[in-house]
Amino acid sequence: MPTHAMARRLRQVAALLVLVVAGVHFQQYVDFMSEVPTVGVLFLLNAAGGAGLLLAMLGGDRVIALLAMIGSLGLAIGSLVSIVIALNGSFLGVALDGSFFGYQETTLRLPIVIAVVAEVLLILVLALPLVRNIRRG
Amino acid sequence: MQIKSLILPTLSAIVVAGVGYQLANHGSHTSGPVPSVPVTAHHVSVKIVNFAYAPPTLTIKVGTRVTWANKDSSPHTATSNETGFDTGSLTKGKRTTIQFNKAGTFAYHCSFHAFMTATIKVVS
């Protein structure tokens, strides 16, 4: 497969994964997260930001798409770190107050598993072409 | 139509939908002092719903039994801020009863969700 076609395919896969991440966050916001102070707002911002990144990634402009890929990588990493903190109350050995803005997850619920899998895949899918893009300038 | 031109309207639509949802669910709430419920019964219930205790402030007599019932899908606890009582984890539909035999004011919280707080005043 030609390089540009592969890059486009990767972008489409990344966009799909962003859609899953943003979709899960929006579903959780509607389900109950809207009741949770601070974290609820972050869920809504995640969904809105994800939708914007998704569209930007699929847009024709190469620079905007590249920025959207970097943004999506940040979104995935941020979401992953947040859920680790909410589940463990700490991150990389740094003890926080036992929760994420006062919110603690007690179990690995299905939406969390779906989001975590999508975020990990998103990081893997984006990291490779991003590194290649940055090396190429 | 270019995808770029869809970005802003889509972001706006999601934020507006979220804010609209928030208003639809909470818009009718009135601000003001937190209601305090004086209770004379020997057994009262506190509902845990939408990440809050209802009622948030309860006044009871010594010897009254209080039952916490969790209506949320998330597990919650009712844990006194100082040494006192702890319902332990209450999953959806579960309830636990604790009897208050000592007068005093007991502030409590959910050990999973620190922003959930309430108070029980026990009078003799």
# chains A, B, ... in the order shown; residues from 1 in each chain; ligands from 1
call {"tool": "residues_around", "arguments": {"residues": "Val46 in chain B", "least_positions_apart": "2", "cutoff": "8 Å", "atoms": "only C-alpha atoms", "output": "list in words"}}
result
Val44, Ile48, Tyr53, Ala54, Pro55, Val66, Thr67, Trp68 and Ala69 of chain B
call {"tool": "residues_around", "arguments": {"residues": "Leu90 in chain B", "least_positions_apart": "5", "cutoff": "6 Å", "atoms": "only C-alpha atoms", "output": "PyMOL selection string"}}
result
chain B and resi 75-77
call {"tool": "residues_around", "arguments": {"residues": "Leu130 in chain A", "least_positions_apart": "3", "cutoff": "9 Å", "atoms": "only C-alpha atoms", "output": "PDB file with C-alpha atoms, in the first residue's frame"}}
result
ATOM      1  CA  LEU A  66      -1.274  16.754  12.142  1.00  0.00           C
ATOM      2  CA  MET A  69      -3.357  13.949  15.753  1.00  0.00           C
ATOM      3  CA  ILE A  70      -1.123  15.541  18.387  1.00  0.00           C
ATOM      4  CA  LEU A 126      -0.895   7.856  16.559  1.00  0.00           C
ATOM      5  CA  ALA A 127       2.561   7.596  18.043  1.00  0.00           C
ATOM      6  CA  ASN A 133       5.999  12.997  10.544  1.00  0.00           C
ATOM      7  CA  ILE A 134       8.054  14.939  13.053  1.00  0.00           C
ATOM      8  CA  ARG A 135      11.292  13.290  11.845  1.00  0.00           C
TER       9      ARG A 135
END
call {"tool": "closest_residue", "arguments": {"among": "A:Ala7, A:Val18, A:Ala86, A:Val24", "to": "chain B", "atoms": "only C-alpha atoms"}}
result
A:Ala86
call {"tool": "closest_atom_pairs", "arguments": {"of": "chain A", "to": "chain B", "cutoff": "6 Å", "atoms": "only C-alpha atoms", "output": "tab-separated table"}}
result
residue	atom	partner	partner_atom	distance
A:Ala48	CA	B:Leu11	CA	5.0
A:Gly52	CA	B:Ile7	CA	5.1
A:Leu55	CA	B:Ile7	CA	5.9
A:Gly59	CA	B:Ile3	CA	5.2
A:Gly102	CA	B:Ala114	CA	4.7
A:Tyr103	CA	B:His113	CA	4.7
A:Gln104	CA	B:Phe112	CA	5.0
call {"tool": "write_last_selection", "arguments": {"atoms": "C-alpha atoms", "output": "JSON list (two decimals), in the first residue's frame"}}
result
[["chain", "number", "residue", "atom", "x", "y", "z"],
["A", 48, "ALA", "CA", -16.62, 18.05, 22.62],
["A", 52, "GLY", "CA", -13.52, 18.59, 17.11],
["A", 55, "LEU", "CA", -13.36, 16.33, 12.26],
["A", 59, "GLY", "CA", -10.18, 17.34, 7.11],
["A", 102, "GLY", "CA", -12.84, 13.83, 44.62],
["A", 103, "TYR", "CA", -14.11, 11.08, 42.33],
["A", 104, "GLN", "CA", -13.00, 7.48, 42.74]]
call {"tool": "atom_distance", "arguments": {"atom1": "CA of Phe100 in chain B", "atom2": "CA of Asn70 in chain B"}}
result
19.6 Å
call {"tool": "atom_distance", "arguments": {"atom1": "CA of Thr79 in chain B", "atom2": "CA of Gly63 in chain B"}}
result
18.7 Å
call {"tool": "residues_around", "arguments": {"residues": "Ser79 in chain A", "least_positions_apart": "5", "cutoff": "9 Å", "atoms": "only C-alpha atoms", "output": "PyMOL selection string"}}
result
chain A and resi 21+46+74+84+115-116+119
